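**Student:** So that you have it, the file is coords28.txt, and it contains compact mmCIF, C-alpha atoms (C1' of nucleotides):
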# COMPACT_ATOMS: atom_id res chain seq x y z
CA MET A 24 -35.06 -1.42 -6.54
CA THR A 25 -34.43 -5.08 -5.84
CA ARG A 26 -36.35 -7.22 -3.39
CA GLN A 27 -33.24 -7.81 -1.30
CA ARG A 28 -32.59 -4.12 -0.85
CA VAL A 29 -36.14 -3.43 0.08
CA ALA A 30 -35.92 -6.15 2.71
CA ILE A 31 -32.73 -4.81 4.24
CA VAL A 32 -33.81 -1.19 4.35
CA ASP A 33 -37.16 -2.23 5.72
CA LEU A 34 -35.56 -4.22 8.50
CA LEU A 35 -33.33 -1.34 9.49
CA ASP A 36 -36.29 0.94 9.38
CA ASN A 37 -38.46 -1.14 11.67
CA ALA A 38 -35.83 -2.68 13.91
CA ALA A 39 -36.61 -2.71 17.61
CA ASP A 40 -32.98 -3.11 18.61
CA HIS A 41 -29.70 -2.55 16.82
CA LEU A 42 -28.89 -5.08 14.15
CA ASP A 43 -25.57 -6.47 13.09
CA ALA A 44 -24.80 -8.00 9.70
CA LYS A 45 -25.55 -11.52 10.88
CA LYS A 46 -28.96 -10.72 12.31
CA LEU A 47 -29.74 -8.63 9.28
CA LEU A 48 -28.97 -11.60 7.08
CA GLU A 49 -30.99 -14.02 9.19
CA GLN A 50 -34.03 -11.81 9.21
CA ALA A 51 -33.77 -10.84 5.56
CA LYS A 52 -33.77 -14.56 4.67
CA ARG A 53 -37.30 -14.86 5.93
CA ARG A 54 -38.36 -12.55 3.16
CA VAL A 55 -35.86 -13.38 0.44
CA PRO A 56 -34.64 -16.89 1.25
CA ASP A 57 -31.77 -16.89 -1.22
CA ILE A 58 -30.23 -13.62 -0.12
CA ASP A 59 -26.52 -13.88 0.50
CA LYS A 60 -24.35 -12.25 3.15
CA THR A 61 -22.40 -10.51 0.40
CA THR A 62 -25.51 -8.61 -0.59
CA VAL A 63 -26.12 -7.61 2.99
CA TYR A 64 -22.59 -6.28 3.35
CA ARG A 65 -22.69 -4.51 0.01
CA THR A 66 -25.98 -2.87 0.83
CA ILE A 67 -24.76 -1.78 4.23
CA ARG A 68 -21.73 -0.21 2.63
CA ARG A 69 -23.78 1.72 0.12
CA LEU A 70 -26.17 3.00 2.72
CA ARG A 71 -23.27 4.03 4.86
CA GLN A 72 -21.57 5.87 2.01
CA LEU A 73 -24.79 7.69 1.36
CA GLY A 74 -24.95 8.70 4.99
CA LEU A 75 -28.24 6.90 5.46
CA ILE A 76 -27.13 4.62 8.23
CA ASP A 77 -24.69 4.90 11.10
CA GLU A 78 -22.30 2.28 12.30
CA LEU A 79 -21.97 1.46 15.99
CA ASP A 80 -19.88 -0.93 18.05
CA LEU A 81 -21.81 -0.63 21.29
CA LEU A 82 -18.52 -0.84 23.11
CA HIS A 83 -18.02 -4.37 21.80
CA PHE A 84 -20.11 -5.64 24.63
CA ARG A 85 -21.40 -8.54 22.55
CA HIS A 86 -18.79 -9.01 19.88
CA ASP A 87 -16.28 -7.14 17.79
CA GLY A 88 -18.55 -6.64 14.81
CA HIS A 89 -20.73 -3.68 13.99
CA PHE A 90 -24.31 -2.64 14.48
CA TYR A 91 -26.34 -0.38 12.25
CA GLU A 92 -29.17 2.06 12.63
CA LEU A 93 -30.89 4.54 10.40
CA ALA A 94 -29.03 7.82 10.68
CA PRO A 95 -31.03 10.03 13.00
CA ASP A 96 -31.35 13.71 12.22
CA LYS A 97 -30.29 14.58 15.73
CA MET A 98 -27.19 13.30 17.39
CA HIS A 99 -27.84 10.91 20.23
CA LEU A 100 -25.87 8.87 22.70
CA HIS A 101 -25.92 5.10 23.07
CA ILE A 102 -25.68 3.77 26.55
CA VAL A 103 -24.92 0.10 27.09
CA CYS A 104 -25.59 -1.56 30.43
CA THR A 105 -22.43 -3.31 31.57
CA GLY A 106 -24.60 -5.66 33.60
CA CYS A 107 -27.28 -6.89 31.23
CA GLY A 108 -26.13 -5.57 27.88
CA GLN A 109 -29.29 -3.68 27.18
CA VAL A 110 -28.89 -0.61 25.00
CA ARG A 111 -30.67 2.65 25.55
CA GLU A 112 -30.46 5.98 23.88
CA ALA A 113 -30.27 9.30 25.61
CA SER A 114 -31.79 12.30 23.93
CA PRO A 115 -29.41 14.85 22.49
CA GLN A 116 -30.05 17.74 24.90
CA ALA A 117 -26.52 18.13 26.04
CA TRP A 118 -24.94 17.46 22.70
CA ALA A 119 -25.37 20.90 21.18
CA ASP A 120 -23.26 22.40 23.94
CA VAL A 121 -20.57 19.79 23.60
CA GLU A 122 -20.46 20.38 19.88
CA ARG A 123 -20.14 24.12 20.24
CA GLU A 124 -17.39 23.71 22.78
CA ILE A 125 -15.43 21.29 20.60
CA GLN A 126 -15.66 23.59 17.62
CA ALA A 127 -14.46 26.54 19.65
CA GLN A 128 -11.66 24.53 21.22
CA THR A 129 -10.30 22.81 18.14
CA GLY A 130 -11.48 24.74 15.11
CA TYR A 131 -12.89 21.54 13.59
CA THR A 132 -16.27 21.53 11.92
CA ILE A 133 -18.26 18.59 13.22
CA GLU A 134 -19.87 16.33 10.65
CA MET A 135 -20.67 13.27 12.66
CA ALA A 136 -20.32 11.88 16.13
CA ARG A 137 -20.49 8.51 17.76
CA CYS A 138 -20.82 8.48 21.47
CA GLU A 139 -21.05 5.23 23.34
CA VAL A 140 -21.33 5.10 27.07
CA GLY A 141 -21.14 2.09 29.39
CA GLY A 142 -22.68 1.87 32.84
CA TYR A 143 -25.23 0.08 34.97
CA CYS A 144 -28.94 0.42 34.39
CA PRO A 145 -31.19 0.99 37.42
CA GLU A 146 -32.13 -2.70 37.65
CA CYS A 147 -28.55 -3.93 37.53
CA GLN A 148 -27.51 -1.40 40.15
CA LYS A 149 -29.85 -3.03 42.63
CA LYS A 150 -28.43 -6.47 41.98
CA ARG A 151 -24.86 -5.53 42.90
CA MET B 28 7.96 -8.98 34.09
CA THR B 29 8.94 -10.23 30.66
CA ARG B 30 10.80 -8.19 28.08
CA GLN B 31 7.90 -8.35 25.64
CA ARG B 32 5.46 -6.92 28.13
CA VAL B 33 7.78 -4.13 29.06
CA ALA B 34 8.14 -3.29 25.38
CA ILE B 35 4.40 -3.18 24.75
CA VAL B 36 3.54 -1.13 27.81
CA ASP B 37 6.40 1.19 27.07
CA LEU B 38 5.23 1.76 23.53
CA LEU B 39 1.72 2.54 24.66
CA ASP B 40 3.10 4.83 27.30
CA ASN B 41 5.24 6.86 24.93
CA ALA B 42 3.17 6.68 21.76
CA ALA B 43 2.77 9.90 19.85
CA ASP B 44 -0.33 8.71 18.03
CA HIS B 45 -2.80 5.93 18.64
CA LEU B 46 -1.48 2.46 17.98
CA ASP B 47 -3.26 -0.57 16.62
CA ALA B 48 -2.18 -4.17 17.13
CA LYS B 49 -0.22 -4.26 13.89
CA LYS B 50 1.82 -1.15 14.61
CA LEU B 51 2.33 -2.29 18.15
CA LEU B 52 3.75 -5.54 16.86
CA GLU B 53 5.99 -3.85 14.29
CA GLN B 54 7.43 -1.46 16.79
CA ALA B 55 7.80 -4.02 19.54
CA LYS B 56 9.82 -6.16 17.12
CA ARG B 57 12.53 -3.53 17.07
CA ARG B 58 13.14 -4.23 20.71
CA VAL B 59 12.24 -7.89 20.95
CA PRO B 60 12.67 -9.27 17.43
CA ASP B 61 11.02 -12.61 18.09
CA ILE B 62 7.85 -11.26 19.66
CA ASP B 63 4.71 -12.75 18.17
CA LYS B 64 1.37 -11.14 17.39
CA THR B 65 -0.28 -13.53 19.81
CA THR B 66 1.68 -12.02 22.65
CA VAL B 67 0.66 -8.55 21.58
CA TYR B 68 -3.01 -9.51 21.51
CA ARG B 69 -2.81 -11.33 24.81
CA THR B 70 -1.11 -8.42 26.48
CA ILE B 71 -3.61 -5.97 25.09
CA ARG B 72 -6.42 -8.09 26.45
CA ARG B 73 -4.91 -8.26 29.92
CA LEU B 74 -4.31 -4.54 30.06
CA ARG B 75 -7.83 -3.93 28.93
CA GLN B 76 -9.31 -6.26 31.54
CA LEU B 77 -7.30 -4.45 34.17
CA GLY B 78 -8.72 -1.17 32.93
CA LEU B 79 -5.28 0.15 32.13
CA ILE B 80 -5.90 0.84 28.47
CA ASP B 81 -8.89 1.95 26.42
CA GLU B 82 -9.96 0.67 23.05
CA LEU B 83 -10.89 3.03 20.24
CA ASP B 84 -12.04 2.64 16.65
CA LEU B 85 -11.49 6.21 15.55
CA LEU B 86 -14.62 5.90 13.44
CA HIS B 87 -12.94 3.21 11.36
CA PHE B 88 -11.41 5.91 9.26
CA ARG B 89 -8.34 3.80 8.50
CA HIS B 90 -9.55 0.27 9.00
CA ASP B 91 -11.92 -1.84 11.02
CA GLY B 92 -9.43 -2.80 13.70
CA HIS B 93 -8.86 -1.16 17.05
CA PHE B 94 -6.54 1.41 18.51
CA TYR B 95 -5.32 1.60 22.07
CA GLU B 96 -4.28 4.27 24.50
CA LEU B 97 -3.40 4.39 28.17
CA ALA B 98 -6.60 4.94 30.09
CA PRO B 99 -6.71 8.62 30.96
CA ASP B 100 -8.02 9.70 34.35
CA LYS B 101 -10.34 12.19 32.71
CA MET B 102 -12.76 11.36 29.97
CA HIS B 103 -11.90 12.98 26.66
CA LEU B 104 -13.22 13.09 23.14
CA HIS B 105 -11.41 11.90 20.03
CA ILE B 106 -11.93 13.94 16.94
CA VAL B 107 -10.92 12.49 13.58
CA CYS B 108 -10.47 14.72 10.55
CA THR B 109 -12.57 13.35 7.70
CA GLY B 110 -10.17 15.00 5.28
CA CYS B 111 -6.70 13.97 6.39
CA GLY B 112 -7.38 11.39 9.07
CA GLN B 113 -5.48 13.20 11.75
CA VAL B 114 -6.70 12.57 15.29
CA ARG B 115 -6.96 15.20 17.99
CA GLU B 116 -8.31 15.13 21.46
CA ALA B 117 -10.60 17.68 22.97
CA SER B 118 -10.35 18.37 26.67
CA PRO B 119 -13.10 17.02 28.89
CA GLN B 120 -14.66 20.31 29.91
CA ALA B 121 -18.06 19.61 28.49
CA TRP B 122 -18.09 15.98 29.41
CA ALA B 123 -18.99 16.40 33.06
CA ASP B 124 -22.20 18.14 32.03
CA VAL B 125 -23.10 15.50 29.51
CA GLU B 126 -22.48 12.81 32.07
CA ARG B 127 -24.65 14.46 34.68
CA GLU B 128 -27.45 14.93 32.19
CA ILE B 129 -27.33 11.31 31.05
CA GLN B 130 -27.44 10.05 34.61
CA ALA B 131 -30.42 12.26 35.40
CA GLN B 132 -32.20 11.30 32.20
CA THR B 133 -31.68 7.55 32.27
CA GLY B 134 -30.80 6.57 35.83
CA TYR B 135 -27.69 4.76 34.62
CA THR B 136 -24.43 5.06 36.49
CA ILE B 137 -21.69 5.83 33.99
CA GLU B 138 -18.59 3.70 34.18
CA MET B 139 -16.95 4.39 30.87
CA ALA B 140 -17.47 6.36 27.72
CA ARG B 141 -16.13 6.44 24.23
CA CYS B 142 -16.88 9.47 22.20
CA GLU B 143 -15.57 9.77 18.67
CA VAL B 144 -16.32 12.74 16.51
CA GLY B 145 -15.66 13.24 12.82
CA GLY B 146 -15.22 16.57 11.07
CA TYR B 147 -12.79 18.71 9.13
CA CYS B 148 -9.70 20.21 10.68
CA PRO B 149 -8.95 23.88 9.96
CA GLU B 150 -6.44 23.02 7.22
CA CYS B 151 -8.80 20.67 5.40
CA GLN B 152 -11.59 23.22 5.58
CA LYS B 153 -9.51 25.60 3.50
CA LYS B 154 -8.88 22.99 0.83
CA ARG B 155 -12.52 22.37 0.12
C1' DA C 3 -29.75 -3.15 -24.47
C1' DT C 4 -26.95 -2.07 -20.77
C1' DA C 5 -25.58 -0.86 -16.50
C1' DA C 6 -26.24 -2.14 -11.97
C1' DC C 7 -27.15 -6.03 -8.75
C1' DT C 8 -26.98 -10.87 -7.27
C1' DG C 9 -25.04 -15.37 -5.49
C1' DC C 10 -21.23 -18.25 -4.79
C1' DA C 11 -16.59 -19.40 -3.69
C1' DA C 12 -12.44 -17.97 -2.30
C1' DA C 13 -9.51 -14.51 -0.28
C1' DT C 14 -8.29 -11.16 3.33
C1' DC C 15 -7.92 -9.19 7.76
C1' DT C 16 -8.20 -9.10 12.67
C1' DT C 17 -8.29 -11.67 16.69
C1' DT C 18 -8.47 -16.12 19.33
C1' DT C 19 -7.27 -20.92 20.71
C1' DG C 20 -4.52 -25.21 21.51
C1' DC C 21 -0.43 -26.99 22.42
C1' DT C 22 4.43 -27.40 23.65
C1' DT C 23 8.48 -25.12 25.23
C1' DA C 24 10.79 -21.48 27.90
C1' DC C 25 11.29 -18.32 31.61
C1' DA C 26 10.49 -15.60 36.14
C1' DG C 27 9.95 -15.64 41.03
C1' DC D 17 10.22 -25.99 41.51
C1' DT D 18 5.87 -24.35 39.63
C1' DG D 19 2.95 -21.36 37.57
C1' DT D 20 2.69 -17.95 34.17
C1' DA D 21 4.02 -16.32 29.61
C1' DA D 22 5.87 -16.99 24.94
C1' DG D 23 5.96 -18.76 20.21
C1' DC D 24 4.00 -21.26 16.47
C1' DA D 25 0.47 -23.04 13.72
C1' DA D 26 -4.09 -23.41 12.90
C1' DA D 27 -8.89 -21.83 13.63
C1' DA D 28 -12.56 -18.62 13.85
C1' DG D 29 -15.34 -14.64 12.81
C1' DA D 30 -16.23 -10.49 10.10
C1' DT D 31 -15.89 -8.40 5.79
C1' DT D 32 -14.26 -7.98 0.89
C1' DT D 33 -13.20 -9.37 -3.88
C1' DG D 34 -13.50 -11.74 -8.46
C1' DC D 35 -16.37 -13.60 -11.57
C1' DA D 36 -20.24 -15.24 -14.21
C1' DG D 37 -25.04 -15.08 -14.50
C1' DT D 38 -29.49 -12.18 -13.59
C1' DT D 39 -32.51 -8.30 -13.13
C1' DA D 40 -34.29 -3.59 -13.33
C1' DT D 41 -35.11 0.29 -16.23
For the file at hand, write its structure as structure tokens.
**Tutor:**
Amino acid sequence: MTRQRVAIVDLLDNAADHLDAKKLLEQAKRRVPDIDKTTVYRTIRRLRQLGLIDELDLLHFRHDGHFYELAPDKMHLHIVCTGCGQVREASPQAWADVEREIQAQTGYTIEMARCEVGGYCPECQKKR
Amino acid sequence: MTRQRVAIVDLLDNAADHLDAKKLLEQAKRRVPDIDKTTVYRTIRRLRQLGLIDELDLLHFRHDGHFYELAPDKMHLHIVCTGCGQVREASPQAWADVEREIQAQTGYTIEMARCEVGGYCPECQKKR
DNA sequence: ATAACTGCAAATCTTTTGCTTACAG
DNA sequence: CTGTAAGCAAAAGATTTGCAGTTAT
């Protein structure tokens, strides 16, 4: 295992918010100053192929690139505040039902799901 | 209303599958041969700002760009077959429940949602 | 040893911007 | 007329590829 990979995985593991490739690179540089963006992208791709991380867009609220997070064992929903851009996650209570219904309706087996919701957080609702 | 806009809106309106900017350009060229990609992108942006079309990624199964569809009145889920890439839509039955639960859980008001699910369609399940 | 991993530069792809000309109301 | 839209070329941002040198096992 190389130092650069350790750094990237570690960052994803301990990230407070969702990271995109640029932030990942910036922060990894603190640990491995010579790390290149290519390595970041290559590592992301591997981890994604292995199913270890998930890719998000967060509704492109900030930019058109992608964000990454360690693949959770349970499906969850990302909710982006259209006012302040803050991202929250809702627990997957309802998801099991949705999944069952989709399977019944379409005959598909569900392997993965990305659900991104936009709305106003309680604070931003007051300001309107 | 310009000819190029009519062409683009018309294509989105009558599209059988989901279109990305490139396909939109190709197909619009049949009607307005000199139309430029810039016009396509600008029109897409306007329509999106007006809330008339929705942007999808379809889990980036084909590429990292975006797909567009006329904004439906009811929320629905896109389900992409991981085997053959075919896209289906599931009706929004379950969505109302999910939405209610998210609102209760987080206090957010929900303005929009994009839900993309990956799995295997019945045909591809047989082939495995 | 040797196969996998890295950095660097250049290429590719999608989308945006600046500017000048053309068109619709 | 007058503002809005179109086309063209060039720029910008995200991601990938080719290649030669380096590192882990």
**Student:** Up to 7 Å from (-31.8, -9.0, -10.0) in the file's coordinates: name the residues, counting all atoms listed in the file, as a count of residues only.
**Tutor:** 6
**Student:** Report as CSV the residues of chain A within 10 Å of chain C, each with its shortest atom pair and distance in Å (one decimal), using all atoms listed in the file, ordered by chain and increasing residue number.
**Tutor:**
residue,atom,partner,partner_atom,distance
A:Met24,CA,C:DC7,C1',9.4
A:Thr25,CA,C:DC7,C1',7.9
A:Gln27,CA,C:DT8,C1',9.2
A:Arg28,CA,C:DC7,C1',9.8
A:Asp57,CA,C:DG9,C1',8.1
A:Ile58,CA,C:DG9,C1',7.7
A:Asp59,CA,C:DG9,C1',6.3
A:Lys60,CA,C:DG9,C1',9.2
A:Thr61,CA,C:DG9,C1',8.1
A:Thr62,CA,C:DT8,C1',7.2
A:Arg65,CA,C:DC7,C1',9.9
A:Asp87,CA,C:DT17,C1',9.3
**Student:** At a cut-off of 8 Å, using all atoms listed in the file, what residues contact Asp81 in chain B? Leave out same-chain residues fewer than 6 positions from it and give the result as a list in words.
**Tutor:** Arg75, Tyr95, Glu96, Leu97 and Ala98 of chain B
**Student:** Would you compute the distance between CA of Lys56 in chain B and CA of Asn41 in chain B? Give it in Å to one decimal.
**Tutor:** 15.9 Å
**Student:** Near chain B, which residues of chain A fall within 12 Å when you count all atoms listed in the file, and what do they look like as a PDB file with C-alpha atoms, in the frame of the given file?
**Tutor:**
ATOM      1  CA  ASP A  77     -24.690   4.900  11.100  1.00  0.00           C
ATOM      2  CA  GLU A  78     -22.300   2.280  12.300  1.00  0.00           C
ATOM      3  CA  LEU A  79     -21.970   1.460  15.990  1.00  0.00           C
ATOM      4  CA  ASP A  80     -19.880  -0.930  18.050  1.00  0.00           C
ATOM      5  CA  LEU A  81     -21.810  -0.630  21.290  1.00  0.00           C
ATOM      6  CA  LEU A  82     -18.520  -0.840  23.110  1.00  0.00           C
ATOM      7  CA  HIS A  83     -18.020  -4.370  21.800  1.00  0.00           C
ATOM      8  CA  ASP A  87     -16.280  -7.140  17.790  1.00  0.00           C
ATOM      9  CA  GLY A  88     -18.550  -6.640  14.810  1.00  0.00           C
ATOM     10  CA  HIS A  89     -20.730  -3.680  13.990  1.00  0.00           C
ATOM     11  CA  MET A  98     -27.190  13.300  17.390  1.00  0.00           C
ATOM     12  CA  HIS A  99     -27.840  10.910  20.230  1.00  0.00           C
ATOM     13  CA  LEU A 100     -25.870   8.870  22.700  1.00  0.00           C
ATOM     14  CA  HIS A 101     -25.920   5.100  23.070  1.00  0.00           C
ATOM     15  CA  ILE A 102     -25.680   3.770  26.550  1.00  0.00           C
ATOM     16  CA  VAL A 103     -24.920   0.100  27.090  1.00  0.00           C
ATOM     17  CA  CYS A 104     -25.590  -1.560  30.430  1.00  0.00           C
ATOM     18  CA  THR A 105     -22.430  -3.310  31.570  1.00  0.00           C
ATOM     19  CA  GLY A 106     -24.600  -5.660  33.600  1.00  0.00           C
ATOM     20  CA  GLN A 109     -29.290  -3.680  27.180  1.00  0.00           C
ATOM     21  CA  VAL A 110     -28.890  -0.610  25.000  1.00  0.00           C
ATOM     22  CA  ARG A 111     -30.670   2.650  25.550  1.00  0.00           C
ATOM     23  CA  GLU A 112     -30.460   5.980  23.880  1.00  0.00           C
ATOM     24  CA  ALA A 113     -30.270   9.300  25.610  1.00  0.00           C
ATOM     25  CA  SER A 114     -31.790  12.300  23.930  1.00  0.00           C
ATOM     26  CA  PRO A 115     -29.410  14.850  22.490  1.00  0.00           C
ATOM     27  CA  GLN A 116     -30.050  17.740  24.900  1.00  0.00           C
ATOM     28  CA  ALA A 117     -26.520  18.130  26.040  1.00  0.00           C
ATOM     29  CA  TRP A 118     -24.940  17.460  22.700  1.00  0.00           C
ATOM     30  CA  ALA A 119     -25.370  20.900  21.180  1.00  0.00           C
ATOM     31  CA  ASP A 120     -23.260  22.400  23.940  1.00  0.00           C
ATOM     32  CA  VAL A 121     -20.570  19.790  23.600  1.00  0.00           C
ATOM     33  CA  GLU A 122     -20.460  20.380  19.880  1.00  0.00           C
ATOM     34  CA  ARG A 123     -20.140  24.120  20.240  1.00  0.00           C
ATOM     35  CA  GLU A 124     -17.390  23.710  22.780  1.00  0.00           C
ATOM     36  CA  ILE A 125     -15.430  21.290  20.600  1.00  0.00           C
ATOM     37  CA  GLN A 126     -15.660  23.590  17.620  1.00  0.00           C
ATOM     38  CA  ALA A 127     -14.460  26.540  19.650  1.00  0.00           C
ATOM     39  CA  GLN A 128     -11.660  24.530  21.220  1.00  0.00           C
ATOM     40  CA  THR A 129     -10.300  22.810  18.140  1.00  0.00           C
ATOM     41  CA  GLY A 130     -11.480  24.740  15.110  1.00  0.00           C
ATOM     42  CA  TYR A 131     -12.890  21.540  13.590  1.00  0.00           C
ATOM     43  CA  THR A 132     -16.270  21.530  11.920  1.00  0.00           C
ATOM     44  CA  ILE A 133     -18.260  18.590  13.220  1.00  0.00           C
ATOM     45  CA  GLU A 134     -19.870  16.330  10.650  1.00  0.00           C
ATOM     46  CA  MET A 135     -20.670  13.270  12.660  1.00  0.00           C
ATOM     47  CA  ALA A 136     -20.320  11.880  16.130  1.00  0.00           C
ATOM     48  CA  ARG A 137     -20.490   8.510  17.760  1.00  0.00           C
ATOM     49  CA  CYS A 138     -20.820   8.480  21.470  1.00  0.00           C
ATOM     50  CA  GLU A 139     -21.050   5.230  23.340  1.00  0.00           C
ATOM     51  CA  VAL A 140     -21.330   5.100  27.070  1.00  0.00           C
ATOM     52  CA  GLY A 141     -21.140   2.090  29.390  1.00  0.00           C
ATOM     53  CA  GLY A 142     -22.680   1.870  32.840  1.00  0.00           C
ATOM     54  CA  TYR A 143     -25.230   0.080  34.970  1.00  0.00           C
ATOM     55  CA  CYS A 144     -28.940   0.420  34.390  1.00  0.00           C
ATOM     56  CA  PRO A 145     -31.190   0.990  37.420  1.00  0.00           C
ATOM     57  CA  GLU A 146     -32.130  -2.700  37.650  1.00  0.00           C
ATOM     58  CA  CYS A 147     -28.550  -3.930  37.530  1.00  0.00           C
ATOM     59  CA  GLN A 148     -27.510  -1.400  40.150  1.00  0.00           C
ATOM     60  CA  LYS A 149     -29.850  -3.030  42.630  1.00  0.00           C
TER      61      LYS A 149
END
**Student:** Enumerate as a ChimeraX atom specification the residues belonging to chain D that approach chain A to within 10 Å, with all atoms listed in the file taken into account.
**Tutor:** /D:29-32,39-41
**Student:** Could the residues in this selection be written to a file with C-alpha atoms (C1' of nucleotides), as a PDB file, keeping the file's coordinate frame?
**Tutor:**
ATOM      1  C1'  DG D  29     -15.340 -14.640  12.810  1.00  0.00           C
ATOM      2  C1'  DA D  30     -16.230 -10.490  10.100  1.00  0.00           C
ATOM      3  C1'  DT D  31     -15.890  -8.400   5.790  1.00  0.00           C
ATOM      4  C1'  DT D  32     -14.260  -7.980   0.890  1.00  0.00           C
ATOM      5  C1'  DT D  39     -32.510  -8.300 -13.130  1.00  0.00           C
ATOM      6  C1'  DA D  40     -34.290  -3.590 -13.330  1.00  0.00           C
ATOM      7  C1'  DT D  41     -35.110   0.290 -16.230  1.00  0.00           C
TER       8       DT D  41
END
**Student:** May I ask for the distance between CA of Ile71 in chain B and CA of Phe94 in chain B, given in Å to one decimal place?
**Tutor:**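 That distance, rounded to one decimal, is 10.3 Å.
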**Student:** Kindly give the distance, in Å, that separates C1' of DA27 in chain D and CA of Leu52 in chain B, rounded to a single decimal.
**Tutor:**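 So the answer is 20.9 Å.
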**Student:** Using all atoms listed in the file, which residues sit within 8 Å of Leu34 in chain A once same-chain residues fewer than 5 positions away are excluded, as a list in words?
**Tutor:** Leu47, Gln50 and Ala51 of chain A
**Student:** Because some atoms of range 30-48 of chain B are absent here, can you restore N, CA and C atoms and send them as a short mmCIF file (atom, residue, chain, number, x, y, z; two decimals), in the coordinates of the input?
**Tutor:**
data_model
loop_
_atom_site.label_atom_id
_atom_site.label_comp_id
_atom_site.auth_asym_id
_atom_site.auth_seq_id
_atom_site.Cartn_x
_atom_site.Cartn_y
_atom_site.Cartn_z
N ARG B 30 10.34 -9.26 28.97
CA ARG B 30 10.80 -8.19 28.08
C ARG B 30 9.71 -7.74 27.13
N GLN B 31 8.93 -8.70 26.62
CA GLN B 31 7.90 -8.35 25.64
C GLN B 31 6.82 -7.46 26.25
N ARG B 32 6.47 -7.76 27.49
CA ARG B 32 5.46 -6.92 28.13
C ARG B 32 5.97 -5.52 28.37
N VAL B 33 7.19 -5.45 28.83
CA VAL B 33 7.78 -4.13 29.06
C VAL B 33 7.73 -3.33 27.77
N ALA B 34 8.11 -3.99 26.67
CA ALA B 34 8.14 -3.29 25.38
C ALA B 34 6.77 -2.75 25.01
N ILE B 35 5.75 -3.59 25.15
CA ILE B 35 4.40 -3.18 24.75
C ILE B 35 3.89 -2.04 25.61
N VAL B 36 4.02 -2.17 26.91
CA VAL B 36 3.54 -1.13 27.81
C VAL B 36 4.29 0.17 27.55
N ASP B 37 5.59 0.04 27.35
CA ASP B 37 6.40 1.19 27.07
C ASP B 37 5.96 1.91 25.81
N LEU B 38 5.67 1.16 24.79
CA LEU B 38 5.23 1.76 23.53
C LEU B 38 3.92 2.51 23.73
N LEU B 39 2.99 1.88 24.41
CA LEU B 39 1.72 2.54 24.66
C LEU B 39 1.92 3.80 25.48
N ASP B 40 2.86 3.71 26.39
CA ASP B 40 3.10 4.83 27.30
C ASP B 40 3.68 6.02 26.57
N ASN B 41 4.55 5.76 25.59
CA ASN B 41 5.24 6.86 24.93
C ASN B 41 4.74 7.16 23.52
N ALA B 42 3.64 6.53 23.14
CA ALA B 42 3.17 6.68 21.76
C ALA B 42 2.77 8.11 21.45
N ALA B 43 3.16 8.57 20.28
CA ALA B 43 2.77 9.90 19.85
C ALA B 43 1.33 9.86 19.33
N ASP B 44 1.04 8.85 18.52
CA ASP B 44 -0.33 8.71 18.03
C ASP B 44 -0.94 7.41 18.56
N HIS B 45 -2.14 7.13 18.15
CA HIS B 45 -2.80 5.93 18.64
C HIS B 45 -2.32 4.71 17.88
N LEU B 46 -2.04 3.65 18.60
CA LEU B 46 -1.48 2.46 17.98
C LEU B 46 -2.51 1.36 17.85
N ASP B 47 -2.44 0.63 16.74
CA ASP B 47 -3.26 -0.57 16.62
C ASP B 47 -2.35 -1.78 16.83
N ALA B 48 -2.95 -2.97 16.83
CA ALA B 48 -2.18 -4.17 17.13
C ALA B 48 -1.02 -4.36 16.16
#
